[in-house]
Amino acid sequence: MTRFWVLKILRTVLTLWFVVTFVFVVLRTSGDPVVALVGADATPEEVEQFRQLWRLDDPLWIQYFRYVVQMATGQFGISYRDGREVIDIIAERVPWTLILGLFSYIGAILIGVPAGVVAAIKRGSTFDNLIMATAVFGFALPNFFLGILMILLFSLSLQWLPSSGTGTVLHLIMPAITLATFTAGTLARFTRSAMLEVLDKLYIRAAAAKGVGYWKRIIFHALPNASIPLVTIIGLNLGELIGGAIVVETVFAWPGVGRLLVTAVSSRDLAVVQGLVLIMAVTMVLANLVVDLLYGLLDPRIRVQN
């Protein structure tokens, strides 16, 4: 078990190092940030002064070493745009993204997993076809398009909900539904597939032969054994929520880290972009690490194989 955990943690560290390096290379090769920050009308003296101020005139290997040390110690630097600590800027936005992501994620699980279980139980029926058609529709519909449709319907036409911003629970409804739709559809599809495989196993028939109740067989026998693929897709969909939050927060003017990332990229604020990408990468990698460790807890055979 110790070897299993050590290997997973080492892979996590290597993945984070690769992400940090990739972000540095892409941002440094995608254009000169100084021109975007000081403006095209700036004099050469002003440009050079800005480079020296932010130490952008150092060789790339020195910038990379300084950048890696800062990221490893949690020192994200200072924003080029407003001179504030990057960690303070991000900290102001994180609670809003956590609120949106938490409600969306919980809602997606509470809707998607039961829908998939019911579809598997009623396989081949009209109810099954209806659930799967709805799941595919939610899976295929782009977040930005669904968000715009909801604004047109519930804000402009019916005037039931506010179209953007924050302040009340009503402001959270449309962004949360928009963000949860994709995940709920994905969970429903995968839950149905996993349950169909398990329901045909011999131990389910044996439990029925022993007189175990129907719903007890479903909840305590079938669902736990179908949990490994569900754990996988739930962990991977955390990344989809993070990526989708960028679009959803922009559409609904939600003041989270996704909207901050869009603003920082457009203004070429490298320090903020680097900090945000690292935080998102850490979230994704840790989510996958937790999924891998849960594999070992749910199925001891995986620990032995690794």
# chains A, B, ... in the order shown; residues from 1 in each chain; ligands from 1
$ residues_around --residues "Ile89 in chain A" --least-positions-apart "3" --cutoff "10 Å" --atoms "only C-alpha atoms" --output "list in words"
Ile78, Ser79, Asp82, Arg84, Glu85, Val86, Glu92, Arg93, Val94, Val257, Leu260 and Val272 of chain A
$ closest_atom_pairs --of "range 95-141 of chain A" --to "range 244-252 of chain A" --cutoff "9 Å" --atoms "only C-alpha atoms" --output "JSON lines"
{"residue": "A:Thr97", "atom": "CA", "partner": "A:Ala245", "partner_atom": "CA", "distance": 7.6}
{"residue": "A:Leu100", "atom": "CA", "partner": "A:Ala245", "partner_atom": "CA", "distance": 8.3}
{"residue": "A:Gly101", "atom": "CA", "partner": "A:Ala245", "partner_atom": "CA", "distance": 7.7}
$ closest_residue --among "A:Gly124, A:Gly138, A:Gly83, A:Gly185" --to "Ile234 in chain A" --atoms "only C-alpha atoms"
A:Gly185
$ select_by_dssp --residues "range 47-153 of chain A" --states "alpha helix (DSSP H)" --output "ChimeraX atom specification"
/A:47-53,60-72,86-121,126-140,143-150
$ residues_around --residues "Pro175 in chain A" --least-positions-apart "2" --cutoff "10 Å" --atoms "only C-alpha atoms" --output "ChimeraX atom specification"
/A:100-101,103-104,143,146-147,150-151,163-164,170-173,177-180,245,248-249,251-254
$ write_last_selection --atoms "N, CA, C and O atoms" --output "compact mmCIF listing (two decimals), in the first residue's frame"
# COMPACT_ATOMS: atom_id res chain seq x y z
N LEU A 100 -20.05 28.72 -6.60
CA LEU A 100 -20.65 28.29 -7.86
C LEU A 100 -20.33 26.83 -8.14
O LEU A 100 -21.21 26.03 -8.51
N GLY A 101 -19.06 26.43 -7.97
CA GLY A 101 -18.67 25.06 -8.25
C GLY A 101 -19.30 24.05 -7.30
O GLY A 101 -19.71 22.97 -7.72
N PHE A 103 -22.23 24.27 -5.57
CA PHE A 103 -23.65 24.08 -5.88
C PHE A 103 -23.83 23.32 -7.19
O PHE A 103 -24.71 22.46 -7.31
N SER A 104 -23.00 23.63 -8.19
CA SER A 104 -23.11 22.96 -9.48
C SER A 104 -22.76 21.48 -9.36
O SER A 104 -23.45 20.61 -9.90
N ASN A 143 -21.85 25.33 -22.98
CA ASN A 143 -22.20 26.12 -21.80
C ASN A 143 -22.61 27.55 -22.14
O ASN A 143 -23.59 28.06 -21.61
N LEU A 146 -26.13 27.62 -23.74
CA LEU A 146 -27.18 27.38 -22.75
C LEU A 146 -27.34 28.60 -21.84
O LEU A 146 -28.47 28.99 -21.51
N GLY A 147 -26.23 29.20 -21.46
CA GLY A 147 -26.30 30.38 -20.61
C GLY A 147 -27.02 31.54 -21.28
O GLY A 147 -27.85 32.22 -20.65
N MET A 150 -30.76 30.84 -21.41
CA MET A 150 -31.40 31.04 -20.11
C MET A 150 -31.57 32.52 -19.79
O MET A 150 -32.58 32.94 -19.23
N ILE A 151 -30.59 33.32 -20.17
CA ILE A 151 -30.71 34.77 -19.96
C ILE A 151 -31.87 35.33 -20.78
O ILE A 151 -32.68 36.13 -20.29
N SER A 163 -29.93 38.67 -14.69
CA SER A 163 -29.13 38.16 -15.79
C SER A 163 -27.65 38.04 -15.47
O SER A 163 -26.94 37.26 -16.11
N SER A 164 -27.15 38.79 -14.49
CA SER A 164 -25.72 38.76 -14.21
C SER A 164 -25.45 39.31 -12.81
O SER A 164 -26.35 39.82 -12.14
N LEU A 170 -30.81 34.19 -6.01
CA LEU A 170 -31.36 34.18 -7.37
C LEU A 170 -30.26 34.37 -8.42
O LEU A 170 -30.37 33.85 -9.54
N HIS A 171 -29.22 35.13 -8.07
CA HIS A 171 -28.11 35.33 -9.01
C HIS A 171 -27.35 34.03 -9.27
O HIS A 171 -26.68 33.89 -10.29
N LEU A 172 -27.44 33.07 -8.33
CA LEU A 172 -26.68 31.83 -8.44
C LEU A 172 -27.38 30.77 -9.28
O LEU A 172 -26.72 29.87 -9.82
N ILE A 173 -28.69 30.87 -9.44
CA ILE A 173 -29.48 29.78 -10.04
C ILE A 173 -29.05 29.49 -11.47
O ILE A 173 -28.70 28.35 -11.81
N ILE A 177 -27.01 26.11 -12.79
CA ILE A 177 -27.68 25.16 -13.69
C ILE A 177 -26.88 25.02 -14.99
O ILE A 177 -26.70 23.90 -15.50
N THR A 178 -26.42 26.11 -15.52
CA THR A 178 -25.63 26.08 -16.76
C THR A 178 -24.37 25.24 -16.58
O THR A 178 -24.02 24.43 -17.45
N LEU A 179 -23.69 25.42 -15.47
CA LEU A 179 -22.44 24.69 -15.23
C LEU A 179 -22.69 23.23 -14.90
O LEU A 179 -21.86 22.36 -15.24
N ALA A 180 -23.82 22.92 -14.26
CA ALA A 180 -24.10 21.54 -13.84
C ALA A 180 -24.68 20.68 -14.95
O ALA A 180 -24.63 19.45 -14.86
N ALA A 245 -16.30 26.85 -15.86
CA ALA A 245 -16.51 28.04 -15.04
C ALA A 245 -15.96 29.29 -15.71
O ALA A 245 -16.49 30.39 -15.51
N VAL A 248 -18.81 30.23 -18.11
CA VAL A 248 -20.04 30.58 -17.39
C VAL A 248 -19.87 31.88 -16.62
O VAL A 248 -20.76 32.74 -16.61
N GLU A 249 -18.74 32.05 -15.95
CA GLU A 249 -18.51 33.28 -15.19
C GLU A 249 -18.44 34.49 -16.10
O GLU A 249 -18.86 35.59 -15.72
N VAL A 251 -20.08 34.74 -19.07
CA VAL A 251 -21.43 34.98 -19.58
C VAL A 251 -22.30 35.68 -18.55
O VAL A 251 -23.04 36.62 -18.87
N PHE A 252 -22.21 35.25 -17.29
CA PHE A 252 -23.08 35.79 -16.24
C PHE A 252 -22.39 36.86 -15.39
O PHE A 252 -22.94 37.25 -14.35
N ALA A 253 -21.22 37.33 -15.81
CA ALA A 253 -20.48 38.35 -15.06
C ALA A 253 -20.30 37.94 -13.60
O ALA A 253 -20.47 38.75 -12.69
N TRP A 254 -19.98 36.67 -13.39
CA TRP A 254 -19.78 36.15 -12.04
C TRP A 254 -18.33 36.43 -11.63
O TRP A 254 -17.39 36.05 -12.33
$ atom_distance --atom1 "CA of Ala209 in chain A" --atom2 "CA of Thr191 in chain A"
24.9 Å
$ closest_residue --among "A:Val277, A:Asn129, A:Leu102, A:Ala120" --to "Met71 in chain A" --atoms "only C-alpha atoms"
A:Val277
$ closest_residue --among "A:Glu45, A:Leu238, A:Ala91, A:Pro255" --to "Thr283 in chain A" --atoms "only C-alpha atoms"
A:Leu238
$ atom_distance --atom1 "CA of Ile233 in chain A" --atom2 "CA of Ile218 in chain A"
20.1 Å
$ decode --residues "range 178-189 of chain A" --atoms "all heavy atoms" --output "mmCIF file, in the first residue's frame"
data_model
loop_
_atom_site.group_PDB
_atom_site.id
_atom_site.type_symbol
_atom_site.label_atom_id
_atom_site.label_comp_id
_atom_site.auth_asym_id
_atom_site.auth_seq_id
_atom_site.Cartn_x
_atom_site.Cartn_y
_atom_site.Cartn_z
ATOM 1 N N THR A 178 -26.416 26.115 -15.520
ATOM 2 C CA THR A 178 -25.631 26.077 -16.761
ATOM 3 C C THR A 178 -24.375 25.239 -16.585
ATOM 4 O O THR A 178 -24.024 24.430 -17.448
ATOM 5 C CB THR A 178 -25.246 27.501 -17.181
ATOM 6 O OG1 THR A 178 -26.433 28.284 -17.343
ATOM 7 C CG2 THR A 178 -24.478 27.490 -18.488
ATOM 8 N N LEU A 179 -23.689 25.419 -15.466
ATOM 9 C CA LEU A 179 -22.444 24.689 -15.227
ATOM 10 C C LEU A 179 -22.686 23.228 -14.903
ATOM 11 O O LEU A 179 -21.863 22.363 -15.236
ATOM 12 C CB LEU A 179 -21.679 25.370 -14.078
ATOM 13 C CG LEU A 179 -20.223 24.943 -13.843
ATOM 14 C CD1 LEU A 179 -19.397 25.124 -15.112
ATOM 15 C CD2 LEU A 179 -19.620 25.739 -12.699
ATOM 16 N N ALA A 180 -23.821 22.919 -14.261
ATOM 17 C CA ALA A 180 -24.101 21.541 -13.843
ATOM 18 C C ALA A 180 -24.677 20.679 -14.953
ATOM 19 O O ALA A 180 -24.626 19.447 -14.862
ATOM 20 C CB ALA A 180 -25.075 21.553 -12.660
ATOM 21 N N THR A 181 -25.223 21.290 -15.996
ATOM 22 C CA THR A 181 -25.922 20.522 -17.033
ATOM 23 C C THR A 181 -25.011 19.512 -17.709
ATOM 24 O O THR A 181 -25.370 18.337 -17.883
ATOM 25 C CB THR A 181 -26.518 21.478 -18.077
ATOM 26 O OG1 THR A 181 -27.449 22.347 -17.443
ATOM 27 C CG2 THR A 181 -27.223 20.705 -19.178
ATOM 28 N N PHE A 182 -23.825 19.928 -18.101
ATOM 29 C CA PHE A 182 -22.884 19.033 -18.776
ATOM 30 C C PHE A 182 -22.496 17.863 -17.872
ATOM 31 O O PHE A 182 -22.521 16.696 -18.275
ATOM 32 C CB PHE A 182 -21.633 19.802 -19.195
ATOM 33 C CG PHE A 182 -20.551 18.943 -19.782
ATOM 34 C CD1 PHE A 182 -20.522 18.678 -21.131
ATOM 35 C CD2 PHE A 182 -19.559 18.393 -18.974
ATOM 36 C CE1 PHE A 182 -19.524 17.877 -21.680
ATOM 37 C CE2 PHE A 182 -18.565 17.595 -19.504
ATOM 38 C CZ PHE A 182 -18.549 17.337 -20.857
ATOM 39 N N THR A 183 -22.154 18.173 -16.619
ATOM 40 C CA THR A 183 -21.720 17.130 -15.687
ATOM 41 C C THR A 183 -22.846 16.154 -15.365
ATOM 42 O O THR A 183 -22.631 14.939 -15.287
ATOM 43 C CB THR A 183 -21.197 17.774 -14.390
ATOM 44 O OG1 THR A 183 -20.154 18.702 -14.712
ATOM 45 C CG2 THR A 183 -20.645 16.730 -13.450
ATOM 46 N N ALA A 184 -24.052 16.669 -15.177
ATOM 47 C CA ALA A 184 -25.191 15.797 -14.881
ATOM 48 C C ALA A 184 -25.457 14.839 -16.037
ATOM 49 O O ALA A 184 -25.720 13.644 -15.827
ATOM 50 C CB ALA A 184 -26.431 16.636 -14.583
ATOM 51 N N GLY A 185 -25.404 15.327 -17.273
ATOM 52 C CA GLY A 185 -25.602 14.465 -18.431
ATOM 53 C C GLY A 185 -24.540 13.390 -18.540
ATOM 54 O O GLY A 185 -24.832 12.221 -18.830
ATOM 55 N N THR A 186 -23.286 13.766 -18.285
ATOM 56 C CA THR A 186 -22.191 12.799 -18.333
ATOM 57 C C THR A 186 -22.340 11.736 -17.257
ATOM 58 O O THR A 186 -22.175 10.535 -17.514
ATOM 59 C CB THR A 186 -20.845 13.521 -18.160
ATOM 60 O OG1 THR A 186 -20.726 14.559 -19.130
ATOM 61 C CG2 THR A 186 -19.689 12.549 -18.329
ATOM 62 N N LEU A 187 -22.663 12.165 -16.034
ATOM 63 C CA LEU A 187 -22.830 11.211 -14.933
ATOM 64 C C LEU A 187 -23.981 10.247 -15.200
ATOM 65 O O LEU A 187 -23.881 9.056 -14.886
ATOM 66 C CB LEU A 187 -23.063 11.966 -13.629
ATOM 67 C CG LEU A 187 -21.860 12.682 -13.023
ATOM 68 C CD1 LEU A 187 -22.268 13.433 -11.773
ATOM 69 C CD2 LEU A 187 -20.747 11.690 -12.711
ATOM 70 N N ALA A 188 -25.070 10.735 -15.758
ATOM 71 C CA ALA A 188 -26.212 9.867 -16.048
ATOM 72 C C ALA A 188 -25.827 8.777 -17.038
ATOM 73 O O ALA A 188 -26.180 7.599 -16.859
ATOM 74 C CB ALA A 188 -27.373 10.696 -16.590
ATOM 75 N N ARG A 189 -25.101 9.131 -18.075
ATOM 76 C CA ARG A 189 -24.700 8.160 -19.087
ATOM 77 C C ARG A 189 -23.760 7.104 -18.512
ATOM 78 O O ARG A 189 -23.915 5.902 -18.738
ATOM 79 C CB ARG A 189 -24.046 8.868 -20.264
ATOM 80 C CG ARG A 189 -25.004 9.749 -21.060
ATOM 81 C CD ARG A 189 -24.276 10.591 -22.094
ATOM 82 N NE ARG A 189 -23.606 9.747 -23.075
ATOM 83 C CZ ARG A 189 -22.303 9.826 -23.341
ATOM 84 N NH1 ARG A 189 -21.551 10.696 -22.698
ATOM 85 N NH2 ARG A 189 -21.765 9.056 -24.254
#
